[in-house]
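Student: Attaching a single structure in structure tokens format; questions to follow.
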Amino acid sequence: MTIPKAELHLHIEGTLEPELAFHLAERNNITLPHADIDALHSAYSFTDLQSFLDLYYALMDVLRTEADFHDLAEAYLTRAAAQGVRHAEIFFDPQAHTSRGIALDTVINGLTAALDTSLQRHNISTTLILCFLRDRPATEAMDTLNAARPHLDRISAVGLDSAEVGNPPEKFTEVFAAAAELGLHRVAHAGEEGPASYIWQALNLLGAERIDHGIRCLDDPALVTHLATTRTPLTVCPFSNVRLRAVRTLAEHPLPALMEAGLLVTVNSDDPSYFGGYVHDNYLALQQHLGLDHEQLRTLARNSFTASFLPAQRREALIAEVDAYTF
Ligand code: HPA
Ligand SMILES: [Zn+2]
């Protein structure tokens with residue numbers, strides 16, 4: 001059994017494995033531009049965030065029906081259970097689907113059909129985080145939030161993702177304020193490729209309660225101090241950072257520096273199908289390449305529940321399981 005953990009930075013569309021992509025393409029009578037599974041695998045060589053996003057959005061074309069979104073989420077939950085995940089706060093990108101004519105109801109009904117049985121089938125509690133695409137207009141984000149209103153009982157938070165540089169958080173101040181009014185939590189990708197100033201904006205203008213990635217905070221010592229004293233969590237994704245070349249190698253990953261600075265660091269998989277591993281694979285790689293010991297891994301697992309939006313009772317119960325875990 002692997003150590004219990006929460007996954008807080010996971011794009012459900014980024015769990016689409018090549019095998020499932022081909023299966024869904026066939027089911028929906030779509031011809032993919034890749035000859036076979038191996039050819040698709042070899043397309044998974046990225047130079048930066050945008051080069052990944054191009055393939056990530058293109059491959060989503062195979063997701064058409066409620067059954068497709070159900071099967072996608074069910075496949076993720078099955079893998080996550082084997083990785084020790086006991087709670088998942090799952091990002092989804094409504095605009096990536098509505099912009100190609102897929103109804104929001106189709107997306108949410110399909111995903112929730114899998115999430116509804118997750119606790120019984122996989123022992124994983126779940127919630128959804130609705131992400132706005134930051135490279136699209138702020139007005140479209142507001143329309144997306146309004147369209148999601150009938151589903152807010154299934155959504156715990158809003159997030160902000162897609163191409164970061166040139167799309168600062170300040171663009172989304174109004175829609176995040178509206179989300180706060182609706183009682184939603186707020187998180188945002190910031191400081192993945194973008195500068196530390198974007199992290200300040202996410203905190204001060206969007207009211208972000210967690211920062212997704214956030215590794216560039218190390219460029220600004222005052223920001224590091226602020227994140228540490230406010231116990232603002234970072235959802236760090238080591239495999240993602242290396243594959244998208246934000247960090248050169250795992251051995252050079254700044255995670256130990258972030259932990260030493262007293263930050264509430266969590267480890268996550270981001271888009272595991274594209275980046276070479278699921279969440280526990282990331283933990284194991286930190287052990288292997290950065291020499292993290294068992295107690296450091298336990299701290300990361302504990303942090304994942306501390307940083308979650310779980311109700312206090314389940315959060316505390318899961319933290320007790322982490323503390324009792326024997327490696
Ligand atoms: O790592 C990411 N960054 C920004 N947008 C994304 N959309 C999916 N994954 C990512
Ligand atoms: Zn991400």
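Identifiers in the structure tokens: chain A, B, ... in order shown; residue index from 1 per chain; ligand index from 1 in order shown.
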So which residues touch A:Ser125 within 10 Å, counting only C-alpha atoms, skipping near sequence neighbours fewer than 2 positions away, as a PyMOL selection string?
Tutor: chain A and resi 6+85-89+115-120+122-123+127+310+314
Student: Would you mind exporting C-alpha atoms of the selected residues as a JSON list (two decimals), in the first residue's frame?
Tutor:
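Contents of the output file out_9.json:
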[["chain", "number", "residue", "atom", "x", "y", "z"],
["A", 6, "ALA", "CA", -4.63, 14.07, -1.89],
["A", 85, "VAL", "CA", -4.93, 8.90, -3.72],
["A", 86, "ARG", "CA", -7.75, 9.22, -1.17],
["A", 87, "HIS", "CA", -9.03, 12.66, -2.19],
["A", 88, "ALA", "CA", -8.87, 14.42, -5.56],
["A", 89, "GLU", "CA", -9.72, 18.02, -6.44],
["A", 115, "LEU", "CA", -17.17, 10.88, -9.41],
["A", 116, "ASP", "CA", -20.51, 9.84, -7.84],
["A", 117, "THR", "CA", -19.30, 6.26, -7.31],
["A", 118, "SER", "CA", -15.68, 7.10, -6.56],
["A", 119, "LEU", "CA", -15.85, 6.89, -2.78],
["A", 120, "GLN", "CA", -17.50, 3.46, -2.88],
["A", 122, "HIS", "CA", -12.12, 3.56, -5.21],
["A", 123, "ASN", "CA", -12.15, 4.98, -1.66],
["A", 127, "THR", "CA", -14.61, 17.51, -6.09],
["A", 310, "LEU", "CA", -11.98, 18.90, 2.55],
["A", 314, "ARG", "CA", -12.35, 13.91, 6.83]]
Student: Identify, on the basis of only C-alpha atoms, every residue whose closest approach to A:Phe275 does not exceed 9 Å; exclude the query and any residue fewer than 5 positions from it along the same chain; express the result as a short mmCIF file (atom, residue, chain, number, x, y, z; two decimals) with C-alpha atoms, in the first residue's frame.
Tutor:
data_model
loop_
_atom_site.label_atom_id
_atom_site.label_comp_id
_atom_site.auth_asym_id
_atom_site.auth_seq_id
_atom_site.Cartn_x
_atom_site.Cartn_y
_atom_site.Cartn_z
CA GLY A 14 -4.52 15.56 -19.03
CA TYR A 44 4.87 13.75 -26.35
CA PHE A 239 7.35 15.77 -13.79
CA SER A 240 5.43 18.59 -15.48
CA ASN A 241 8.13 21.14 -14.73
CA VAL A 242 10.82 18.96 -16.29
CA ARG A 243 8.77 17.92 -19.33
CA LEU A 244 7.77 21.55 -20.06
CA SER A 269 0.86 15.07 -11.37
CA ASP A 270 -0.74 17.91 -13.45
#
Student: Tell me, which residues of stretch 27-242 of chain A carry DSSP alpha helix (DSSP H), written as a CSV table (one decimal) with C-alpha atoms, in the first residue's frame?
Tutor:
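Just written: out19.csv:
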chain,number,residue,atom,x,y,z
A,27,ARG,CA,-16.1,4.9,-30.9
A,37,ILE,CA,-0.4,4.6,-30.2
A,38,ASP,CA,3.4,4.6,-30.6
A,39,ALA,CA,3.2,7.6,-33.0
A,40,LEU,CA,1.1,9.5,-30.5
A,41,HIS,CA,3.5,8.6,-27.7
A,42,SER,CA,6.4,10.0,-29.8
A,49,LEU,CA,3.9,25.0,-22.0
A,50,GLN,CA,2.5,26.1,-25.4
A,51,SER,CA,3.9,23.1,-27.3
A,52,PHE,CA,2.1,20.8,-24.7
A,53,LEU,CA,-1.1,22.8,-24.8
A,54,ASP,CA,-1.3,22.4,-28.6
A,55,LEU,CA,-1.4,18.6,-28.4
A,56,TYR,CA,-3.6,18.7,-25.2
A,57,TYR,CA,-6.3,20.7,-26.8
A,58,ALA,CA,-6.1,18.8,-30.1
A,59,LEU,CA,-6.5,15.4,-28.6
A,66,GLU,CA,-21.2,11.9,-21.5
A,67,ALA,CA,-19.9,8.3,-21.7
A,68,ASP,CA,-16.5,9.6,-23.0
A,69,PHE,CA,-16.2,12.0,-20.0
A,70,HIS,CA,-17.3,9.2,-17.7
A,71,ASP,CA,-14.8,6.8,-19.1
A,72,LEU,CA,-12.0,9.4,-18.8
A,73,ALA,CA,-12.7,10.1,-15.2
A,74,GLU,CA,-13.2,6.4,-14.3
A,75,ALA,CA,-9.8,5.5,-15.9
A,76,TYR,CA,-8.1,8.3,-13.8
A,77,LEU,CA,-9.8,7.2,-10.6
A,78,THR,CA,-8.7,3.6,-11.1
A,79,ARG,CA,-5.1,4.7,-11.6
A,80,ALA,CA,-5.2,7.2,-8.8
A,81,ALA,CA,-6.5,4.5,-6.3
A,82,ALA,CA,-3.4,2.4,-7.1
A,94,PRO,CA,-15.2,23.8,-19.8
A,95,GLN,CA,-14.2,26.3,-22.5
A,96,ALA,CA,-12.0,23.7,-24.2
A,97,HIS,CA,-15.2,21.7,-24.8
A,98,THR,CA,-17.9,24.3,-25.2
A,104,LEU,CA,-21.4,22.0,-20.5
A,105,ASP,CA,-24.0,19.6,-19.2
A,106,THR,CA,-22.4,16.8,-21.3
A,107,VAL,CA,-19.0,17.5,-19.7
A,108,ILE,CA,-20.2,17.8,-16.1
A,109,ASN,CA,-22.8,15.0,-16.2
A,110,GLY,CA,-20.2,12.6,-17.7
A,111,LEU,CA,-17.5,13.5,-15.1
A,112,THR,CA,-19.9,13.4,-12.2
A,113,ALA,CA,-21.3,10.0,-13.2
A,114,ALA,CA,-17.8,8.7,-12.4
A,115,LEU,CA,-17.2,10.9,-9.4
A,118,SER,CA,-15.7,7.1,-6.6
A,119,LEU,CA,-15.9,6.9,-2.8
A,120,GLN,CA,-17.5,3.5,-2.9
A,121,ARG,CA,-15.5,2.0,-5.8
A,122,HIS,CA,-12.1,3.6,-5.2
A,138,ALA,CA,-12.4,37.5,-19.5
A,139,THR,CA,-16.0,38.0,-20.7
A,140,GLU,CA,-16.0,34.3,-21.8
A,141,ALA,CA,-14.8,33.3,-18.4
A,142,MET,CA,-17.8,35.2,-16.9
A,143,ASP,CA,-20.2,33.5,-19.3
A,144,THR,CA,-18.7,30.1,-18.3
A,145,LEU,CA,-19.2,30.8,-14.6
A,146,ASN,CA,-22.8,31.8,-15.2
A,147,ALA,CA,-23.5,28.7,-17.3
A,173,THR,CA,-10.3,40.0,-11.3
A,174,GLU,CA,-14.0,40.4,-11.9
A,175,VAL,CA,-14.9,36.8,-12.6
A,176,PHE,CA,-12.9,35.6,-9.5
A,177,ALA,CA,-14.8,38.2,-7.4
A,178,ALA,CA,-18.1,36.8,-8.8
A,179,ALA,CA,-17.0,33.3,-8.0
A,180,ALA,CA,-16.2,34.4,-4.4
A,181,GLU,CA,-19.7,35.9,-4.1
A,196,ALA,CA,6.6,36.1,-9.5
A,197,SER,CA,4.5,39.3,-10.0
A,198,TYR,CA,1.8,37.0,-11.4
A,199,ILE,CA,1.7,35.1,-8.1
A,200,TRP,CA,1.3,38.4,-6.2
A,201,GLN,CA,-1.6,39.3,-8.6
A,202,ALA,CA,-3.2,35.9,-8.0
A,203,LEU,CA,-3.1,36.4,-4.3
A,204,ASN,CA,-4.0,40.1,-4.1
A,221,PRO,CA,12.3,36.6,-1.3
A,222,ALA,CA,9.5,38.9,0.0
A,223,LEU,CA,6.9,36.7,-1.8
A,224,VAL,CA,8.4,33.5,-0.3
A,225,THR,CA,8.2,35.1,3.2
A,226,HIS,CA,4.6,36.1,2.5
A,227,LEU,CA,3.6,32.6,1.2
A,228,ALA,CA,5.3,31.0,4.3
A,229,THR,CA,3.7,33.3,6.9
A,238,PRO,CA,7.8,18.0,-10.7
A,239,PHE,CA,7.3,15.8,-13.8
A,240,SER,CA,5.4,18.6,-15.5
A,241,ASN,CA,8.1,21.1,-14.7
A,242,VAL,CA,10.8,19.0,-16.3
Student: Would you mind listing the residues within 7 Å of ligand 2, counting only C-alpha atoms and all ligand atoms, as a VMD selection string?
Tutor: chain A and resid 9 to 11 161 189 212 270 to 271
Student: Name the residues in contact with A:Gly214 at a cut-off of 7 Å, using only C-alpha atoms, excluding same-chain residues fewer than 3 positions from it; report them as a list in words.
Tutor: Ala190, Gly191, Glu192, Ile199, Ile211, Cys217 and Leu234 of chain A
Student: Atoms to include: N, CA and C atoms. Write the selected residues as a PDB file, in the first residue's frame.
Tutor:
ATOM      1  N   ALA A 190       0.034  30.068 -11.376  1.00  0.00           N
ATOM      2  CA  ALA A 190       0.847  31.289 -11.437  1.00  0.00           C
ATOM      3  C   ALA A 190       2.286  30.932 -11.104  1.00  0.00           C
ATOM      4  N   GLY A 191       3.221  31.578 -11.811  1.00  0.00           N
ATOM      5  CA  GLY A 191       4.629  31.314 -11.550  1.00  0.00           C
ATOM      6  C   GLY A 191       5.059  29.935 -12.016  1.00  0.00           C
ATOM      7  N   GLU A 192       4.435  29.436 -13.093  1.00  0.00           N
ATOM      8  CA  GLU A 192       4.897  28.193 -13.745  1.00  0.00           C
ATOM      9  C   GLU A 192       5.958  28.612 -14.760  1.00  0.00           C
ATOM     10  N   ILE A 199       2.164  35.781  -9.317  1.00  0.00           N
ATOM     11  CA  ILE A 199       1.743  35.137  -8.067  1.00  0.00           C
ATOM     12  C   ILE A 199       1.161  36.198  -7.120  1.00  0.00           C
ATOM     13  N   ILE A 211      -1.731  28.396  -4.782  1.00  0.00           N
ATOM     14  CA  ILE A 211      -1.069  28.740  -6.039  1.00  0.00           C
ATOM     15  C   ILE A 211      -0.658  27.436  -6.720  1.00  0.00           C
ATOM     16  N   CYS A 217       8.187  31.717  -7.402  1.00  0.00           N
ATOM     17  CA  CYS A 217       8.188  32.563  -6.189  1.00  0.00           C
ATOM     18  C   CYS A 217       9.601  32.737  -5.658  1.00  0.00           C
ATOM     19  N   LEU A 234       1.357  25.647  -2.178  1.00  0.00           N
ATOM     20  CA  LEU A 234       1.756  25.535  -3.588  1.00  0.00           C
ATOM     21  C   LEU A 234       1.465  24.105  -4.037  1.00  0.00           C
TER      22      LEU A 234
END
Student: Taking only C-alpha atoms and all ligand atoms into account, name the residue in A:Pro233, A:Gly194, A:Pro4, A:Pro18 that is nearest to ligand 1.
Tutor: A:Gly194
Student: Could you go through stretch 3-180 of chain A and tell me which residues DSSP, when run on the backbone, assigns to strand (DSSP E or B), listing them as a VMD selection string?
Tutor: chain A and resid 5 to 11 85 to 92 125 to 133 155 to 161
Student: Suppose you want the space between atom CA of A:Ala320 and atom CA of A:Thr232; what is it in Å?
Tutor: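 Separation between atom CA of A:Ala320 and atom CA of A:Thr232: 21.6 Å.
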Student: What does the distance from atom CA of A:Glu17 to atom CA of A:His253 come to in Å, to one decimal?
Tutor: 25.6 Å
Student: Using only C-alpha atoms and all ligand atoms, which of A:Glu19, A:Asp36, A:Asp61, A:Glu164 sits nearest ligand 1?
Tutor: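 Nearest to ligand 1: A:Glu164.
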Student: Restricting the calculation to only C-alpha atoms: of A:Ser308, A:Leu318, A:Ile30, A:Ala21, which residue gets closest to A:Ile129?
Tutor: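 Nearest to A:Ile129: A:Ser308.
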Student: Find the residues near A:His280: any atom within 8 Å, counting only C-alpha atoms, skip ones fewer than 6 places away on the same chain, and give them as a list in words.
Tutor: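 Counting only the stated atoms, we get Thr2, Gln83 and Gly84 of chain A.
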Student: Between A:His289, A:Lys5, A:His213, A:Arg154, which one has atoms that come closest to ligand 1, using only C-alpha atoms and all ligand atoms?
Tutor: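 Answer, going by the shortest atom-to-atom distance: A:His213.
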Student: Closest to A:His151 among A:Leu8, A:Leu128, A:Ala312, A:Leu133, using only C-alpha atoms?
Tutor: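 Between A:Leu8, A:Leu128, A:Ala312, A:Leu133, the residue approaching A:His151 most closely is A:Leu128.
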Student: Which residue out of A:Gly291, A:Gly159, A:Pro311, A:Pro195 has the minimum interatomic distance to ligand 1 when only C-alpha atoms and all ligand atoms are used?
Tutor: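 Answer, going by the shortest atom-to-atom distance: A:Gly159.
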Student: Between atom CA of A:Thr306 and atom CA of A:Thr266, measure the distance and give it in Å to one decimal.
Tutor: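 Atom-to-atom, atom CA of A:Thr306 to atom CA of A:Thr266, that is 9.4 Å.
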Student: Find the spatial neighbours of A:Gln296, counting only C-alpha atoms, within a cut-off of 12 Å - ignore same-chain residues fewer than 2 positions away - and output them as a list in words.
Tutor: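 Listed by chain and then number, they are Leu255, Pro256, Met259, Glu260, Val265, Thr266, Val267, Tyr283, Leu284, Leu286, Gln287, Leu290, Gly291, Leu292, Asp293, His294, Arg298, Thr299, Leu300, Ala301, Arg302, Asn303, Val322, Asp323 and Phe327 of chain A.
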Student: Output C-alpha atoms for every residue in that selection, as a compact mmCIF listing (two decimals), in the first residue's frame.
Tutor:
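Output below, filename again.txt:
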# COMPACT_ATOMS: atom_id res chain seq x y z
CA LEU A 255 11.13 21.47 -4.31
CA PRO A 256 13.67 21.02 -1.49
CA MET A 259 10.25 23.08 1.65
CA GLU A 260 13.28 24.54 3.40
CA VAL A 265 4.33 22.35 -0.56
CA THR A 266 2.26 19.60 -2.16
CA VAL A 267 3.23 17.21 -4.96
CA TYR A 283 6.81 11.12 -5.01
CA LEU A 284 9.08 8.20 -5.91
CA LEU A 286 11.68 12.93 -5.61
CA GLN A 287 13.00 10.15 -3.41
CA LEU A 290 16.48 14.49 -4.79
CA GLY A 291 17.06 12.06 -1.94
CA LEU A 292 13.88 12.89 -0.07
CA ASP A 293 13.53 10.58 2.93
CA HIS A 294 10.40 8.89 4.26
CA ARG A 298 5.13 11.93 4.86
CA THR A 299 5.21 15.72 5.25
CA LEU A 300 4.25 16.14 1.58
CA ALA A 301 1.36 13.69 1.99
CA ARG A 302 0.20 15.44 5.17
CA ASN A 303 0.44 18.81 3.41
CA VAL A 322 -0.72 9.57 6.99
CA ASP A 323 0.80 9.83 10.48
CA PHE A 327 6.83 2.75 4.89
